[in-house]
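Engineer: I have a structure here, written as structure tokens, and I will follow up with some questions on it.
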Amino acid sequence: MQLSKGLIGTPQNRVDGRAKVTGQAQYAAEFDTPDLAFGVVISSSIAKGRIASIEAEAALAVPGVLDVITHKNRPRTAWLDRSFRDEVAPPGSPFRPLYDEEIKYSGQPVALVVAEDFETAVYAASLVDIAYEVETHMTDLDIARREAYVPPKKRGGVKPPPSPTGDAEGAFAQAPVKVHGEYRIAVEHHNPMEMQASTVVYGQDGTLTIHDKTQGAQNSQGYVANVFGLSKDKVRVISPFVGGAFGLCLRPQYQLFLAVLAALELRRSVRVVLTRDQMFTVGYRPMAIQTISLGANPDGKLQSIVHDAVQTTSMFEDYQEAIVNWSNLLYHCDNVKLTYQLAQVDTYTPCDMRAPGAATGVTALETAMDELAYAVGIDPIELRLRNYTETDETEGKSYTSKELRACYQLGAERFGWSKRNPEPRSMREGRELVGWGMATGVWEAMLAKTAARAMLTLDGRLEVSCATADIGTGTYTILTQIAAETMGLRMEDVTAKIGDSSLPRSPVEGGSWTAASAGTAVQKACQSVREQLFKFARQMDSSPLANASIEQVAFAEGEIRLLNDSTARVTFAAAMQAGGVERVEAEEKSSPSFLDAARYSGYTHSAIFAEVKVDEELGVVRVTRIVNAVAAGTILNPKTARSQVMGGVVFGIGMALAEESMLDHNLGRFMNHNFGEYHVPVNADIYDIDVIFVSEHEDKLNPMGIKGLGEIGIVGTAAAIGNAIYHATGKRVREFPITLDKLLE
Amino acid sequence: MNRFSYMRAASVEEAVREVAGDPTARFIAGGTNLIDLMKYDVERPDRLIDITHLPLKGIEETEGGGLRIGALVSNDEVAYDSRVQDRYPLLSSAIRAGASPQLRNAATTGGNLLQRTRCYYFYDTGTPCNKREPGSGCPAAFGRNRIHAILGTSEHCIATHPSDMAVAMAALEALVHVAGPNGERVIPIAEFHRLPGDRPEIDNTLERGEIITAVELPAQDFSRNHTYLKVRDRLSYAFALVSVAAALRLDAGKVTDARLALGGVAHKPWRVPEAEAMLSGKAPSSDLFGKVADRILDGAKGYEDNAFKIDLARRTIVRALSQAAEGKPQSQTDKRIQ
Ligand SMILES: Cc1cc2nc3c(=O)[nH]c(=O)nc-3n(C[C@H](O)[C@H](O)[C@H](O)COP(=O)(O)OP(=O)(O)OC[C@H]3O[C@@H](n4cnc5c(N)ncnc54)[C@H](O)[C@@H]3O)c2cc1C
Ligand code: SF4
């Protein structure tokens with residue numbers, strides 16, 4: 001079968017770009033509806049204890065206030081944990097907003113004030129008086145880790161560490177060269193530009209149409225249906241545009257619960273939007289403390305890897321991510337021991353944040369590898385090549401493809417790595433020390449069962465649809481490309497519809513699996529439309545294609561053409577008329593091949609190179625150059641792909657130098673809960689980011705060879721920057737973010 | 001946020017009268033700080049008296065050869081005024097080191113001097129704070145205090161004044177012109193902001209109802225040897241961890257006059273005249289600069305997160321003095337520290 005000439009793999013502008021820059025794209029808090037009421041959330045100021053009393057009279061007396069909903073007067077909801085467990089919930093007992101008087105974390109929602117207009121709700125909220133009985137809380141991982149534990153119940157989709165091989169401790173003791181360190185990664189909050197928001201449109205027939213900020217419209221739909229005992233066909237969740245999510249919107253957040261609760265109680269439409277400070281009362285990237293011991297021979301060959309991690313979770317759910325597994329995945333070693341533990345603190349449950357686990361674990365691992373490179377006196381790339389592995393040793397499988405060697409080589413060439421003098425403090429420009437560092441990045445390439453529909457109409461237009469989301473990644477655009485190319489249409493003839501629970505079944509958008517999963521489903525649906533269309537074309541009276549098979553034709557420019565005689569052609573419209581139909585429709589599914597999954601592991605790889613300039617006296621760091629060479633199978637759209645990786649790199653720069661949610665352990669509260677004091681990189685912090693896509697032939701994961709790019713950009717970036725800082729200054733900082741105080745002295 | 005009424009003042013007298021007679025009234029200028037504080041329920045005025053239509057908008061020459069900047073002139077109008085750039089480049093530079101163009105276009109000269117601390121706790125009504133609620137305590141002293149003061153703190157408050165502009169004005173010995181119920185007066189900038197002591201809720205020496213009408217820059221020439229050096233947690237759009245406004249006059253290789261003010265370290269722009277005097281008559285050297293820095297930081301006290309600021313301040317002072325002495329002021333567009 002021949003595809004019409006290439007749209008896949010070509011740089012295309014975002015199909016939704018114009019709608020976004022002209023304000024046509026509507027976000028969850030922007031959907032208007034008549035008779036809309038506004039809910040404002042009141043958050044707990046204590047981290048643990050009980051609500052002693054809530055005085056709401058003053059608020060209720062304000063004209064325009066409709067209700068103050070608290071645990072005392074809330075309508076009944078489901079009472080089984082199971083009903084509150086969404087598709088990606090970790091094991092445990094999910095948090096239930098306004099459930100009872102118990103306070104489990106600082107910032108917990110304790111009341112929802114609903115009024116005719118937003119300003120009235122905000123004002124009335126300031127009049128609600130809440131008294132607490134305070135109990136002693138604990139938010140300090142250094143203390144909580146004393147009671148760390150291996151999560152008894154594993155979280156679905158997160159691989160636990162592989163069982164130990166060989167004798168890692170013994171081999172470490174014997175190893176001629178050793179490095180050992182403790183690595184700390186601060187808590188980060190996702191902080192997308194768009195706040196969590198839900199606009200619930202209450203239908204008089206009892207249906208709810210919910211404009212929710214989510215990465216999974218059907219996940220939100222299922223949650224609402226289960227929690228409020230509604231049938232799914234009464235709940236529709238729409239989320240066509242998402243202003244950044246980074247994993248925060250994988251799980252339904254409490255504004256959705258509260259907005260629905262109020263809508264059902266008041267029997268009218270309600271909107272709830274969180275404030276920026278409340279964005280620090282939802283999920284976060286957990287703080288992790290890791291220790292790594294690497295034992296090696298003088299030639300750099302690893303003899304032992306011991307990697308232990310302990311990470312925070314809440315008191316009620318065992319949030320898990322894969323932090324340590326990468327150490328054995330990336331490097332060959334016969335003696336490996338990886339452990340992963342949780343420690344409970346009185347905060348909300350952490351939540352997947354861009355490259356969950358890998359961003360944390362690989363940062364520590366790749367810092368340790370740099371330390372080893374210095375300990376054995378071998379170039380960091382050479383060290384990695386000496387320990388390179390062609391098989392996934394954690395699971396004993398082959399890789400579907402792995403062009404990491406090419407990433408090292410092409411990245412190094414572009415960066416000019418060969419000119420590097422490994423000696424720390426050997427490069428200087430005026431008052432700045434210059435350093436070059438590198439690291440490896442890795443992320444899973446997954447496929448998640450996804451369905452899509454394609455519908456071709458007589459006017460030559462094609463609509464493809466799937467319930468997945470576009471969180472700014474470019475999903476609309478790549479689905480349009482795939483559909484247009486498969487059907488032989490122009491981009492502008494194709495409309496992609498996503499972000500709606502009524503569309504074909506899709507899991508949450510995350511894990512970098514969407515391009516592969518939704519993309520494959522769309523391709524299959526289009527292929528199915530082609531087949532039907534071809535059948536009609538062949539059946540036409542005196543069809544020029546009567547004797548052709550589908551392999552012998554091309555679909556191009558709205559026509560089916562014989563490959564070896566392009567004058568033999570049938571237009572799509574003619575074929576449809578011949579078939580007596582006005583539309584041709586098909587729904588298909590993509591699903592992982594279990595046969596292949598048993599034999600192969602799919603991963604995306606990268607090599608990141610960083611140049612930093614560090615003011616020697618003041619410790620001010622500038623990341624002046626990044627080269628990131630990525631091997632991610634087929635690159636569907638180099639333009640949106642590059643944006644994805646750049647965004648990931650910027651995330652990594654934030655992790656390396658700035659991002660930290662500061663907990664006050666006395667109050668059990670994150671204190672820098674605003675954009676003024678939670679520092680993400682600004683334009684001035686970003687210099688040159690050069691993204692290289694290394695060509696990688698991938699033929700096992702899915703027909704188009706897609707691996708996904710949402711996370712890979714951040715993985716390893718913080719380590720590359722930290723390693724460059726070491727090269728510049730001779731100072732090894734194992735605590736991220738590397739703020740300037742850590743470089744003084 | 002509470003409900004409030006809004007009134008546009010037609011004259012300075014009217015504005016003063018409205019606020020002097022009503023403890024729940026506040027002036028509003030650019031609103032870039034006040035509105036935020038109202039959203040957080042930190043400020044709960046019943047009435048806002050809009051002063052943006054008052055005739056306090058020009059930059060004028062004074063008889064003494066200085067400039068008089070109206071209280072409502074926006075921060076960026078000051079920064080890009082050619083007279084300010086020629087004669088008070090230190091001020092222009094300090095303003096441009098702060099905030100973002102959007103904010104600087106909205107923020108006013110008077111409002112900037114009166115912006116309140118960025119202490120995390122001050123902004124969060126879910127926590128105690130002596131500045132917000134006298135007597136409730138100061139959690140910052142034992143909590144998160146990376147952005148807090150190392151000089152002039154008290155057991156009641158360790159907050160800083162966050163302005164960059166005010167630091168340059170302190171070095172330039174600006175005069176704050178105010179009008180109030182009892183007439184007009186002029187407050188030297190050194191006496192304008194105060195230390196927290198046991199009344200941390202009071203930031204400055206303005207009296208109830210007093211309005212800033214202008215800031216006067218006295219005639220002086222620090223246009224050659226000066227710098228505003230701001231060290232922060234990212235390369236732009238962050239408040240200073242430490243900033244230094246340095247202005248020198250040199251004659252035949254010797255310092256004849258020196259001004260040094262620090263930001264981000266205290267409840268007010270920090271000046272130590274004795275330290276400045278140490279430079280007089282001496283040739284610039286890093287050794288000398290180090291001694292000056294030590295003198296300025298004499299008595300500095302660090303807390304858990306911010307102890308590094310003492311060392312950072314010392315280094316920043318030395319660097320700023322050498323930039324000033326070399327006549328190479330810090331660029332506010334190139335983020336590399338010179
Ligand atoms: C995100 C962010 C980043 C910032 N970064 C920086 C920075 O890096 N450096 C920096 O220096 N600043 C920074 N700022 C602060 C900014 O400079 C101030 O908010 C601004 O200068 C305040 O001026 P305004 O006119 O908006 O004051 P308003 O908010 O209108 O008023 C502030 C206070 O002054 C009073 N007031 C105003 N005018 C007068 C007057 N003429 N007489 C008497 N009282 C008056 C008001 O009643 C109010 O109490 C930042 C602000 C934000 C929001
Ligand atoms: S430092 Fe001052 S402003 Fe901050 S909490 Fe303490 S008293 Fe309040």
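Every chain in the structure tokens has a letter given in the order shown (A, B, ...), and although residue numbers restart at 1 in each chain, ligands are simply numbered from 1 in the order shown.
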Residues of chain B that have any atom at most 6 Å from an atom of ligand 1: could you tabulate them with the shortest-distance atom pair and the distance in Å to one decimal, using only C-alpha atoms and all ligand atoms, ordered by chain and increasing number, as a Markdown table?
Structural biologist:
| residue | atom | partner | partner_atom_place_in_ligand_line | distance |
| --- | --- | --- | --- | --- |
| B:Arg26 | CA | ligand 1 | 47 (O) | 4.7 |
| B:Phe27 | CA | ligand 1 | 47 (O) | 3.8 |
| B:Ile28 | CA | ligand 1 | 30 (O) | 4.2 |
| B:Ala29 | CA | ligand 1 | 30 (O) | 3.5 |
| B:Gly30 | CA | ligand 1 | 26 (O) | 3.2 |
| B:Gly31 | CA | ligand 1 | 30 (O) | 3.3 |
| B:Thr32 | CA | ligand 1 | 26 (O) | 3.7 |
| B:Asn33 | CA | ligand 1 | 29 (O) | 3.5 |
| B:Leu34 | CA | ligand 1 | 29 (O) | 3.7 |
| B:Ala71 | CA | ligand 1 | 41 (N) | 5.1 |
| B:Gly98 | CA | ligand 1 | 8 (O) | 3.4 |
| B:Ala99 | CA | ligand 1 | 5 (N) | 3.3 |
| B:Ala106 | CA | ligand 1 | 26 (O) | 6.0 |
| B:Ala107 | CA | ligand 1 | 25 (O) | 3.8 |
| B:Thr108 | CA | ligand 1 | 25 (O) | 3.7 |
| B:Gly110 | CA | ligand 1 | 41 (N) | 4.3 |
| B:Gly111 | CA | ligand 1 | 27 (O) | 3.4 |
| B:Asn112 | CA | ligand 1 | 21 (O) | 3.1 |
| B:Leu114 | CA | ligand 1 | 34 (O) | 4.3 |
| B:Gln115 | CA | ligand 1 | 32 (C) | 4.8 |
| B:Pro162 | CA | ligand 1 | 11 (O) | 5.7 |
| B:Ser163 | CA | ligand 1 | 11 (O) | 3.2 |
| B:Asp164 | CA | ligand 1 | 11 (O) | 3.9 |
| B:Met165 | CA | ligand 1 | 11 (O) | 5.6 |
| B:Ile211 | CA | ligand 1 | 42 (N) | 3.6 |
| B:Ile212 | CA | ligand 1 | 42 (N) | 3.8 |
| B:Thr213 | CA | ligand 1 | 41 (N) | 5.7 |
| B:Tyr237 | CA | ligand 1 | 8 (O) | 5.8 |
| B:Ala238 | CA | ligand 1 | 8 (O) | 5.2 |
| B:Phe239 | CA | ligand 1 | 8 (O) | 4.2 |
Engineer: Determine which residues of chain A sit within 7 Å of chain B, taking into account only C-alpha atoms, and present them as a count of residues only.
Structural biologist: 18
Engineer: Between B:Leu229, B:Val242, B:Val265, B:Leu260, which one has atoms that come closest to ligand 2, using only C-alpha atoms and all ligand atoms?
Structural biologist: B:Val265
Engineer: Enumerate, in order of chain and increasing residue number, the residues of chain B with an atom no farther than 7 Å from ligand 2, each with its shortest atom pair and distance in Å to one decimal, counting only C-alpha atoms and all ligand atoms, as CSV.
Structural biologist:
residue,atom,partner,partner_atom_place_in_ligand_line,distance
B:Thr117,CA,ligand 2,3 (S),6.6
B:Cys119,CA,ligand 2,4 (Fe),4.7
B:Tyr120,CA,ligand 2,4 (Fe),6.7
B:Tyr121,CA,ligand 2,5 (S),4.7
B:Phe122,CA,ligand 2,3 (S),4.6
B:Pro128,CA,ligand 2,5 (S),6.7
B:Cys129,CA,ligand 2,8 (Fe),3.7
B:Asn130,CA,ligand 2,7 (S),4.0
B:Lys131,CA,ligand 2,7 (S),4.6
B:Arg132,CA,ligand 2,8 (Fe),6.3
B:Gly137,CA,ligand 2,7 (S),6.5
B:Cys138,CA,ligand 2,6 (Fe),3.6
B:Pro139,CA,ligand 2,5 (S),5.2
B:Ala140,CA,ligand 2,5 (S),4.7
B:Ala141,CA,ligand 2,6 (Fe),6.3
B:His148,CA,ligand 2,1 (S),6.9
B:His156,CA,ligand 2,7 (S),5.7
B:Cys157,CA,ligand 2,2 (Fe),3.7
B:Ile158,CA,ligand 2,1 (S),4.0
B:Ala159,CA,ligand 2,1 (S),4.0
B:Pro200,CA,ligand 2,7 (S),6.4
Engineer: Need the shell around Gly157 in chain A: protein/DNA/RNA residues with any atom at most 10 Å away, counting only C-alpha atoms. Skip same-chain ones fewer than 6 positions apart. Format as a PyMOL selection string?
Structural biologist: chain A and resi 88+90+320-322+511
Engineer: Going by DSSP on the backbone, which residues of range 204-311 of chain B come out as strand (DSSP E)? List them as a ChimeraX atom specification.
Structural biologist: /B:211-217,225-232,240-251,254-263
Engineer: Any idea what's packed within 9 Å of Asp16 in chain A, counting only C-alpha atoms, ignoring anything in its chain fewer than 5 positions away? Could you give it as a PDB file with N, CA and C atoms, in the first residue's frame?
Structural biologist:
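Printed below is out_27.pdb as written:
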ATOM      1  N   VAL A  21      -3.721  32.116  19.026  1.00  0.00           N
ATOM      2  CA  VAL A  21      -3.197  33.478  19.110  1.00  0.00           C
ATOM      3  C   VAL A  21      -4.270  34.539  18.895  1.00  0.00           C
ATOM      4  N   ALA A  25      -9.581  30.056  20.703  1.00  0.00           N
ATOM      5  CA  ALA A  25      -9.520  28.793  21.448  1.00  0.00           C
ATOM      6  C   ALA A  25     -10.043  29.042  22.852  1.00  0.00           C
ATOM      7  N   GLY A 474       0.829  19.558  20.396  1.00  0.00           N
ATOM      8  CA  GLY A 474       0.729  19.513  18.936  1.00  0.00           C
ATOM      9  C   GLY A 474      -0.074  18.321  18.433  1.00  0.00           C
ATOM     10  N   TYR A 476      -3.277  17.926  17.834  1.00  0.00           N
ATOM     11  CA  TYR A 476      -4.178  18.267  16.716  1.00  0.00           C
ATOM     12  C   TYR A 476      -3.426  18.203  15.391  1.00  0.00           C
ATOM     13  N   THR A 477      -2.244  18.747  15.399  1.00  0.00           N
ATOM     14  CA  THR A 477      -1.498  18.898  14.151  1.00  0.00           C
ATOM     15  C   THR A 477      -1.012  17.555  13.628  1.00  0.00           C
TER      16      THR A 477
END
Engineer: Name the residues in contact with range 4-21 of chain B at a cut-off of 9 Å, using only C-alpha atoms, excluding same-chain residues fewer than 4 positions from it; report them as a VMD selection string.
Structural biologist: chain B and resid 25 to 27 44 to 56 179 to 181 207 to 211 213
Engineer: Using only C-alpha atoms, pick whichever of A:Ala358, A:Leu66, A:Asp379, A:Ala469 has the shortest atom-to-atom distance to Trp417 in chain A.
Structural biologist: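 Under the stated criterion, the closest residue is A:Asp379.
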Engineer: At what distance in Å, to one decimal, does CA of Ala359 in chain A lie from CA of Ile471 in chain A?
Structural biologist: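 These two atoms are separated by 19.5 Å.
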